[in-house]
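One file, upload.pdb, carrying PDB, C-alpha atoms:
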```
ATOM      1  CA  MET A 118      -1.376 -21.939  17.876
ATOM      2  CA  PRO A 119       1.102 -19.678  16.050
ATOM      3  CA  SER A 120      -0.178 -16.312  14.847
ATOM      4  CA  PRO A 121      -1.309 -16.277  11.197
ATOM      5  CA  GLY A 122       0.367 -12.870  10.864
ATOM      6  CA  ARG A 123      -1.464  -9.877  12.348
ATOM      7  CA  VAL A 124      -1.608  -6.694  10.287
ATOM      8  CA  LEU A 125      -3.002  -3.426  11.630
ATOM      9  CA  ILE A 126      -4.138  -1.312   8.675
ATOM     10  CA  ILE A 127      -4.372   2.467   9.127
ATOM     11  CA  ALA A 128      -6.114   3.753   6.008
ATOM     12  CA  GLY A 129      -9.282   5.094   4.422
ATOM     13  CA  SER A 130     -12.450   3.210   3.533
ATOM     14  CA  ASP A 131     -13.511   2.637  -0.089
ATOM     15  CA  SER A 132     -17.277   2.174  -0.405
ATOM     16  CA  GLY A 133     -16.739   0.389  -3.736
ATOM     17  CA  GLY A 134     -14.628  -2.256  -2.041
ATOM     18  CA  GLY A 135     -11.809  -2.278  -4.580
ATOM     19  CA  ALA A 136      -9.191  -0.227  -2.756
ATOM     20  CA  GLY A 137      -8.476   1.175   0.702
ATOM     21  CA  VAL A 138      -9.224  -0.745   3.860
ATOM     22  CA  GLN A 139     -11.590  -3.107   2.066
ATOM     23  CA  ALA A 140      -8.876  -4.212  -0.355
ATOM     24  CA  ASP A 141      -6.389  -4.455   2.512
ATOM     25  CA  ILE A 142      -8.624  -6.739   4.577
ATOM     26  CA  LYS A 143      -9.389  -8.983   1.595
ATOM     27  CA  THR A 144      -5.704  -9.269   0.732
ATOM     28  CA  VAL A 145      -4.484 -10.075   4.219
ATOM     29  CA  THR A 146      -7.256 -12.640   4.657
ATOM     30  CA  ALA A 147      -6.700 -14.302   1.264
ATOM     31  CA  LEU A 148      -3.013 -14.738   2.102
ATOM     32  CA  GLY A 149      -3.746 -16.350   5.448
ATOM     33  CA  GLY A 150      -3.235 -13.419   7.805
ATOM     34  CA  TYR A 151      -5.401 -11.549  10.292
ATOM     35  CA  ALA A 152      -6.411  -7.962   9.470
ATOM     36  CA  ALA A 153      -7.450  -5.275  11.951
ATOM     37  CA  THR A 154      -8.093  -1.628  11.080
ATOM     38  CA  ALA A 155      -8.010   1.989  12.145
ATOM     39  CA  ILE A 156     -10.098   3.961   9.657
ATOM     40  CA  THR A 157      -8.734   7.410   8.750
ATOM     41  CA  ALA A 158     -11.470   8.584   6.378
ATOM     42  CA  ILE A 159     -14.694   7.490   4.730
ATOM     43  CA  THR A 160     -14.788   7.959   0.974
ATOM     44  CA  VAL A 161     -17.771   7.902  -1.333
ATOM     45  CA  GLN A 162     -16.557   6.118  -4.432
ATOM     46  CA  ASN A 163     -17.091   3.455  -7.030
ATOM     47  CA  THR A 164     -15.177   2.385 -10.131
ATOM     48  CA  ARG A 165     -15.885   5.757 -11.768
ATOM     49  CA  GLY A 166     -14.149   7.811  -9.094
ATOM     50  CA  VAL A 167     -14.254   9.461  -5.676
ATOM     51  CA  SER A 168     -17.147  11.887  -5.205
ATOM     52  CA  ALA A 169     -16.579  12.770  -1.539
ATOM     53  CA  ALA A 170     -14.232  12.091   1.370
ATOM     54  CA  TYR A 171     -14.896  12.614   5.060
ATOM     55  CA  PRO A 172     -11.853  12.545   7.383
ATOM     56  CA  LEU A 173     -12.241  11.099  10.866
ATOM     57  CA  PRO A 174     -10.967  12.988  13.932
ATOM     58  CA  THR A 175      -7.360  12.200  14.765
ATOM     59  CA  ASP A 176      -8.205  11.173  18.322
ATOM     60  CA  LEU A 177     -10.677   8.604  16.972
ATOM     61  CA  ILE A 178      -8.052   7.246  14.571
ATOM     62  CA  ALA A 179      -5.607   6.890  17.468
ATOM     63  CA  ALA A 180      -8.232   5.266  19.687
ATOM     64  CA  GLN A 181      -8.976   2.617  17.060
ATOM     65  CA  ALA A 182      -5.305   1.759  16.652
ATOM     66  CA  ARG A 183      -4.612   1.643  20.385
ATOM     67  CA  ALA A 184      -7.642  -0.556  21.013
ATOM     68  CA  VAL A 185      -6.268  -3.092  18.548
ATOM     69  CA  LEU A 186      -2.690  -2.913  19.791
ATOM     70  CA  GLU A 187      -3.667  -3.250  23.462
ATOM     71  CA  ASP A 188      -5.658  -6.437  22.890
ATOM     72  CA  ILE A 189      -5.167  -8.246  19.572
ATOM     73  CA  GLY A 190      -1.744  -6.818  18.842
ATOM     74  CA  ALA A 191       0.007  -6.517  15.487
ATOM     75  CA  ASP A 192       3.090  -8.016  13.897
ATOM     76  CA  VAL A 193       3.210  -5.383  11.158
ATOM     77  CA  ILE A 194       1.426  -2.073  10.575
ATOM     78  CA  LYS A 195       0.416  -0.936   7.095
ATOM     79  CA  THR A 196      -0.627   2.635   6.276
ATOM     80  CA  GLY A 197      -2.611   3.928   3.321
ATOM     81  CA  MET A 198      -4.717   7.070   2.858
ATOM     82  CA  LEU A 199      -3.930   9.558   5.633
ATOM     83  CA  GLY A 200      -5.267  12.794   4.188
ATOM     84  CA  ASP A 201      -3.627  15.693   5.992
ATOM     85  CA  VAL A 202      -0.754  16.856   8.192
ATOM     86  CA  GLU A 203      -2.544  16.236  11.476
ATOM     87  CA  VAL A 204      -3.248  12.593  10.619
ATOM     88  CA  VAL A 205       0.322  12.046   9.403
ATOM     89  CA  GLU A 206       1.654  13.447  12.678
ATOM     90  CA  GLN A 207      -0.738  11.315  14.728
ATOM     91  CA  VAL A 208       0.182   8.184  12.808
ATOM     92  CA  ALA A 209       3.891   8.873  13.317
ATOM     93  CA  ARG A 210       3.267   9.011  17.084
ATOM     94  CA  LEU A 211       1.301   5.760  16.924
ATOM     95  CA  LEU A 212       4.079   4.034  15.020
ATOM     96  CA  ASP A 213       6.578   5.030  17.678
ATOM     97  CA  GLU A 214       4.267   3.734  20.410
ATOM     98  CA  ALA A 215       3.688   0.435  18.627
ATOM     99  CA  ALA A 216       7.344  -0.195  17.736
ATOM    100  CA  ARG A 217       6.399  -2.620  14.950
ATOM    101  CA  PRO A 218       7.681  -2.887  11.367
ATOM    102  CA  VAL A 219       5.694  -0.609   9.084
ATOM    103  CA  VAL A 220       4.789  -0.801   5.399
ATOM    104  CA  ILE A 221       4.076   2.729   4.184
ATOM    105  CA  ASP A 222       1.970   3.127   1.047
ATOM    106  CA  PRO A 223       2.180   6.913   0.414
ATOM    107  CA  VAL A 224      -1.302   7.227  -1.074
ATOM    108  CA  MET A 225      -1.706  10.609  -2.759
ATOM    109  CA  ILE A 226      -4.082  10.347  -5.712
ATOM    110  CA  ALA A 227      -6.917   7.904  -6.402
ATOM    111  CA  LYS A 228      -7.001   5.941  -9.658
ATOM    112  CA  GLY A 229      -9.659   8.316 -10.981
ATOM    113  CA  GLY A 230      -7.607  11.424 -10.166
ATOM    114  CA  ALA A 231      -9.054  12.563  -6.810
ATOM    115  CA  ARG A 232      -6.436  13.875  -4.382
ATOM    116  CA  LEU A 233      -6.224  11.806  -1.193
ATOM    117  CA  LEU A 234      -3.333  13.671   0.456
ATOM    118  CA  ALA A 235      -3.235  17.427   1.003
ATOM    119  CA  ASP A 236      -0.300  19.155  -0.706
ATOM    120  CA  GLU A 237       0.903  20.588   2.592
ATOM    121  CA  ALA A 238       1.134  17.068   4.065
ATOM    122  CA  LEU A 239       3.755  15.931   1.540
ATOM    123  CA  SER A 240       6.718  17.222   3.527
ATOM    124  CA  SER A 241       5.336  15.549   6.657
ATOM    125  CA  VAL A 242       5.162  12.207   4.870
ATOM    126  CA  LEU A 243       8.770  12.636   3.770
ATOM    127  CA  SER A 244      10.086  13.706   7.175
ATOM    128  CA  LEU A 245       7.887  11.629   9.504
ATOM    129  CA  LEU A 246       6.818   8.469   7.684
ATOM    130  CA  VAL A 247       9.580   7.645   5.206
ATOM    131  CA  PRO A 248      12.208   7.240   7.979
ATOM    132  CA  ARG A 249       9.819   4.981   9.912
ATOM    133  CA  ALA A 250       9.135   2.668   6.952
ATOM    134  CA  ALA A 251      10.504  -0.852   6.933
ATOM    135  CA  LEU A 252       9.141  -0.840   3.376
ATOM    136  CA  LEU A 253       7.942   2.131   1.318
ATOM    137  CA  THR A 254       5.810   1.410  -1.776
ATOM    138  CA  PRO A 255       5.500   4.502  -4.011
ATOM    139  CA  ASN A 256       4.337   4.489  -7.611
ATOM    140  CA  ALA A 257       6.066   6.755 -10.137
ATOM    141  CA  PRO A 258       3.942   9.908  -9.518
ATOM    142  CA  GLU A 259       4.288   9.476  -5.754
ATOM    143  CA  ALA A 260       8.041   9.018  -6.085
ATOM    144  CA  GLU A 261       8.233  12.179  -8.174
ATOM    145  CA  ALA A 262       6.303  14.129  -5.537
ATOM    146  CA  LEU A 263       8.469  12.840  -2.694
ATOM    147  CA  THR A 264      11.845  13.300  -4.384
ATOM    148  CA  GLY A 265      11.435  15.999  -7.025
ATOM    149  CA  VAL A 266      12.941  13.582  -9.568
ATOM    150  CA  THR A 267      11.142  13.134 -12.899
ATOM    151  CA  VAL A 268      10.315   9.422 -13.171
ATOM    152  CA  GLU A 269       9.917   8.275 -16.768
ATOM    153  CA  SER A 270      12.057   5.124 -16.935
ATOM    154  CA  ALA A 271      13.394   2.256 -14.862
ATOM    155  CA  ASP A 272      16.602   4.218 -14.328
ATOM    156  CA  ASP A 273      14.529   7.099 -12.943
ATOM    157  CA  LEU A 274      12.737   4.661 -10.643
ATOM    158  CA  ARG A 275      16.118   3.497  -9.387
ATOM    159  CA  ARG A 276      17.410   7.015  -8.817
ATOM    160  CA  ALA A 277      14.273   8.088  -6.931
ATOM    161  CA  GLY A 278      14.334   4.890  -4.885
ATOM    162  CA  GLU A 279      17.910   5.515  -3.828
ATOM    163  CA  ILE A 280      16.949   9.025  -2.709
ATOM    164  CA  LEU A 281      14.114   7.611  -0.587
ATOM    165  CA  LEU A 282      16.441   4.984   0.836
ATOM    166  CA  ALA A 283      18.869   7.761   1.782
ATOM    167  CA  ALA A 284      15.929   9.626   3.382
ATOM    168  CA  GLY A 285      15.617   6.794   5.908
ATOM    169  CA  ALA A 286      13.365   4.096   4.454
ATOM    170  CA  GLY A 287      14.504   0.590   5.301
ATOM    171  CA  ALA A 288      13.643  -0.595   1.789
ATOM    172  CA  VAL A 289      11.732   0.831  -1.165
ATOM    173  CA  LEU A 290       9.501  -1.000  -3.638
ATOM    174  CA  MET A 291       9.366   1.317  -6.637
ATOM    175  CA  LYS A 292       6.272   0.545  -8.711
ATOM    176  CA  GLY A 293       6.599   1.044 -12.448
ATOM    177  CA  GLY A 294       3.046   0.501 -13.619
ATOM    178  CA  HIS A 295       2.607   4.170 -14.594
ATOM    179  CA  LEU A 296       5.601   4.077 -16.928
ATOM    180  CA  PRO A 297       5.044   3.426 -20.665
ATOM    181  CA  GLY A 298       6.039   0.240 -22.405
ATOM    182  CA  PRO A 299       4.887  -3.334 -23.029
ATOM    183  CA  ARG A 300       6.404  -4.623 -19.769
ATOM    184  CA  VAL A 301       5.936  -3.524 -16.167
ATOM    185  CA  VAL A 302       9.022  -3.381 -13.965
ATOM    186  CA  ASP A 303       8.958  -2.879 -10.190
ATOM    187  CA  LEU A 304      12.239  -2.461  -8.310
ATOM    188  CA  LEU A 305      12.849  -3.544  -4.725
ATOM    189  CA  ILE A 306      15.759  -1.408  -3.533
ATOM    190  CA  THR A 307      17.476  -2.142  -0.225
ATOM    191  CA  PRO A 308      20.822  -1.147   1.324
ATOM    192  CA  TYR A 309      22.110  -4.542   0.162
ATOM    193  CA  GLY A 310      21.081  -4.489  -3.473
ATOM    194  CA  GLU A 311      18.206  -4.478  -5.937
ATOM    195  CA  THR A 312      15.653  -7.042  -7.128
ATOM    196  CA  ALA A 313      13.521  -6.519 -10.232
ATOM    197  CA  PHE A 314      10.000  -7.897 -10.668
ATOM    198  CA  GLU A 315       8.989  -7.817 -14.318
ATOM    199  CA  GLY A 316       6.094  -9.031 -16.439
ATOM    200  CA  GLU A 317       4.058  -8.333 -19.555
ATOM    201  CA  ARG A 318       1.666  -5.409 -19.193
ATOM    202  CA  ILE A 319      -1.932  -6.628 -18.914
ATOM    203  CA  ASP A 320      -4.288  -4.721 -21.207
ATOM    204  CA  THR A 321      -7.184  -4.036 -18.840
ATOM    205  CA  ARG A 322      -9.034  -1.223 -17.113
ATOM    206  CA  HIS A 323      -9.562  -3.392 -14.026
ATOM    207  CA  THR A 324      -6.664  -2.284 -11.851
ATOM    208  CA  HIS A 325      -8.425  -0.342  -9.093
ATOM    209  CA  GLY A 326      -6.738  -0.917  -5.746
ATOM    210  CA  THR A 327      -3.567  -2.556  -7.005
ATOM    211  CA  GLY A 328      -1.340  -0.248  -4.956
ATOM    212  CA  CYS A 329      -3.198  -0.865  -1.696
ATOM    213  CA  THR A 330      -3.281  -4.569  -2.455
ATOM    214  CA  LEU A 331       0.427  -4.894  -3.189
ATOM    215  CA  ALA A 332       1.418  -3.057  -0.005
ATOM    216  CA  SER A 333      -0.929  -5.156   2.137
ATOM    217  CA  ALA A 334       0.287  -8.361   0.530
ATOM    218  CA  CYS A 335       3.854  -7.356   1.400
ATOM    219  CA  ALA A 336       2.777  -6.486   4.948
ATOM    220  CA  VAL A 337       1.129  -9.839   5.635
ATOM    221  CA  GLY A 338       4.146 -11.658   4.259
ATOM    222  CA  LEU A 339       6.398  -9.799   6.680
ATOM    223  CA  ALA A 340       3.909 -10.477   9.490
ATOM    224  CA  GLN A 341       4.193 -14.177   8.657
ATOM    225  CA  ARG A 342       7.992 -13.911   9.060
ATOM    226  CA  MET A 343       8.812 -14.222   5.390
ATOM    227  CA  SER A 344      11.988 -12.527   4.218
ATOM    228  CA  LEU A 345      11.469  -9.164   2.541
ATOM    229  CA  GLU A 346      12.342 -10.533  -0.904
ATOM    230  CA  ALA A 347      10.037 -13.541  -0.482
ATOM    231  CA  ALA A 348       7.176 -11.371   0.818
ATOM    232  CA  VAL A 349       7.457  -8.991  -2.127
ATOM    233  CA  ALA A 350       7.735 -11.837  -4.640
ATOM    234  CA  ARG A 351       4.579 -13.504  -3.317
ATOM    235  CA  ALA A 352       2.778 -10.148  -3.212
ATOM    236  CA  TRP A 353       3.763  -9.390  -6.798
ATOM    237  CA  ASP A 354       2.482 -12.754  -8.027
ATOM    238  CA  TYR A 355      -0.716 -12.365  -6.003
ATOM    239  CA  VAL A 356      -1.517  -8.980  -7.565
ATOM    240  CA  HIS A 357      -0.619 -10.206 -11.055
ATOM    241  CA  GLN A 358      -3.090 -13.075 -10.799
ATOM    242  CA  ALA A 359      -5.722 -10.841  -9.189
ATOM    243  CA  ILE A 360      -5.567  -8.540 -12.219
ATOM    244  CA  LEU A 361      -5.785 -11.462 -14.643
ATOM    245  CA  GLN A 362      -8.823 -12.819 -12.814
ATOM    246  CA  ALA A 363     -10.597  -9.475 -12.276
ATOM    247  CA  PRO A 364     -14.382  -9.965 -12.239
ATOM    248  CA  GLY A 365     -15.107  -7.149 -14.694
ATOM    249  CA  LEU A 366     -17.278  -5.090 -12.349
ATOM    250  CA  GLY A 367     -18.266  -1.469 -12.829
ATOM    251  CA  GLY A 368     -18.068   0.987 -15.675
ATOM    252  CA  GLY A 369     -14.746   2.600 -14.773
ATOM    253  CA  ASN A 370     -11.502   1.405 -13.178
ATOM    254  CA  GLY A 371     -12.787  -1.952 -11.980
ATOM    255  CA  PRO A 372     -11.597  -3.957  -8.971
ATOM    256  CA  ILE A 373      -9.257  -6.920  -9.123
ATOM    257  CA  ASP A 374     -10.062 -10.370  -7.732
ATOM    258  CA  HIS A 375      -8.663 -10.396  -4.201
ATOM    259  CA  GLY A 376     -10.166 -13.779  -3.446
ATOM    260  CA  TRP A 377      -8.577 -15.784  -6.235
ATOM    261  CA  PRO A 378      -6.347 -17.924  -3.928
ATOM    262  CA  LEU A 379      -9.499 -19.183  -2.202
ATOM    263  CA  ARG A 380     -11.093 -20.583  -5.365
ATOM    264  CA  GLY A 381     -11.443 -24.333  -5.054
ATOM    265  CA  ARG A 382     -10.953 -24.349  -1.285
ATOM    266  CA  LEU A 383     -14.556 -23.658  -0.367
TER     267      LEU A 383
END
```
With the file now loaded, output its structure as structure tokens.
Amino acid sequence: MPSPGRVLIIAGSDSGGGAGVQADIKTVTALGGYAATAITAITVQNTRGVSAAYPLPTDLIAAQARAVLEDIGADVIKTGMLGDVEVVEQVARLLDEAARPVVIDPVMIAKGGARLLADEALSSVLSLLVPRAALLTPNAPEAEALTGVTVESADDLRRAGEILLAAGAGAVLMKGGHLPGPRVVDLLITPYGETAFEGERIDTRHTHGTGCTLASACAVGLAQRMSLEAAVARAWDYVHQAILQAPGLGGGNGPIDHGWPLRGRL
């Protein structure tokens, strides 16, 4: 049988289940792929925020990834929370060993404000991970941190995306959800042109994990041999519907509904 699309996720765990590895696994599964993981950190969190984070040793992170690659394999690798310089460096080595397309989600700050990437690791992300990315998926604050460009408009998104493209990324999906306005615009920027994904802003507090989810949805699409534009378009629609159908859990930034495509099938 053909592979459903294997995605190896290298990221942190979210005990609340809305973001991180938990969101990644749900997303890949809901879209018909197979998810495997290498956990980088264990976080203590719920919809109200992150109260603690415990990084795993880099050799254990590498061992998890190699165990998957040596047996199950992967069509695409997706990275999320990495934490510090040592993990970024280890992941860069793993990506070179694996020689697979990589979706890099440069996770820096949790929805509630907790820092998930050490300041000193920022330059390592820019020099080691951005050039290895088949697709980079920064939001506006992450793009600002990586480029030094103030991102307050769609034009700023475009300018920052072009800088990241010049820094070596194969393509950049610039996420505009942090920008003000009644509509949300994300820009897919490639060496061959630009595609905009635009929709009405949804008035809700239930958006926890949308960044992780979008990147994983793109990754599984690429693993299933979709074109980049088609993978991003499906991912964008998937996240949009998951926000609309959010179950309303928790008292803070609630999770979205990762399982919505499965409704009616069971």
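Distance annotation: of A:Asp222, A:Asp236, A:Asp176, A:Glu214, the residue with the minimal separation from Asp201 in chain A is A:Asp236; atom set is all atoms listed in the file.
Across A:Pro223, A:Gly190, A:Pro378, A:Gly200, the tightest approach to Ala250 in chain A is made by A:Pro223 when counting all atoms listed in the file.
Among the candidates A:Gln207, A:Thr175, A:Gln181, A:Thr327, the residue lying nearest to Val242 in chain A is A:Gln207 (atoms considered: all atoms listed in the file).
Using the PyMOL selection byres ((chain A and resi 185) around 12) on this structure selects Arg123, Val124, Leu125, Ile126, Ile127, Tyr151, Ala152, Ala153, Thr154, Ala155, Ile156, Ile178, Ala179, Ala180, Gln181, Ala182, Arg183, Ala184, Leu186, Glu187, Asp188, Ile189, Gly190, Ala191, Asp192, Ile194, Leu211 and Ala215 of chain A.
Considering only C-alpha atoms, the residue among A:Leu239, A:Ala136, A:Ala251, A:Leu212 positioned nearest to Val161 in chain A is A:Ala136.
CA of Thr307 in chain A lies 17.7 Å from CA of Leu263 in chain A.
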Counting all atoms listed in the file, which residues of range 254-345 of chain A fall within 6 Å of range 349-352 of chain A, and what is the closest atom pair for each with its distance in Å at one decimal, ordered by chain and rising number, as CSV?
```
residue,atom,partner,partner_atom,distance
A:Leu331,CA,A:Ala352,CA,5.8
A:Ala334,CA,A:Ala352,CA,4.8
A:Cys335,CA,A:Val349,CA,5.3
```
task = Calculate how many Å separate CA of Ala359 in chain A from CA of Glu317 in chain A, rounding to one decimal.
result = 14.5 Å
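When all atoms listed in the file are used to measure the gap to Glu261 in chain A, the shortest distance among A:Gly149, A:Ala284, A:Pro218, A:Leu274 belongs to A:Leu274.
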request  = Spell out the residues picked by the PyMOL selection byres ((chain A and resi 162) around 12) here, as a VMD selection string.
outcome  = chain A and resid 129 to 137 159 to 161 163 to 171 227 to 231 325 367 369 to 371
ask   = Given the file above and the PyMOL selection byres ((chain A and resi 360) around 8), which residues are selected, and can you give them as number ranges by chain?
value = A: 319, 323-324, 356-359, 361-363, 373-374
message = One number please: CA of Pro174 in chain A to CA of Ala128 in chain A, in Å, one decimal.
response = 13.1 Å
request  = Tell me, as JSON, numbers by chain, which residues lie within 10 Å of Ala260 in chain A, counting all atoms listed in the file; anything in the same chain fewer than 2 positions away does not count.
outcome  = {"A": [223, 254, 255, 256, 257, 258, 262, 263, 264, 265, 266, 267, 268, 273, 274, 276, 277, 278, 280, 281, 291, 292]}
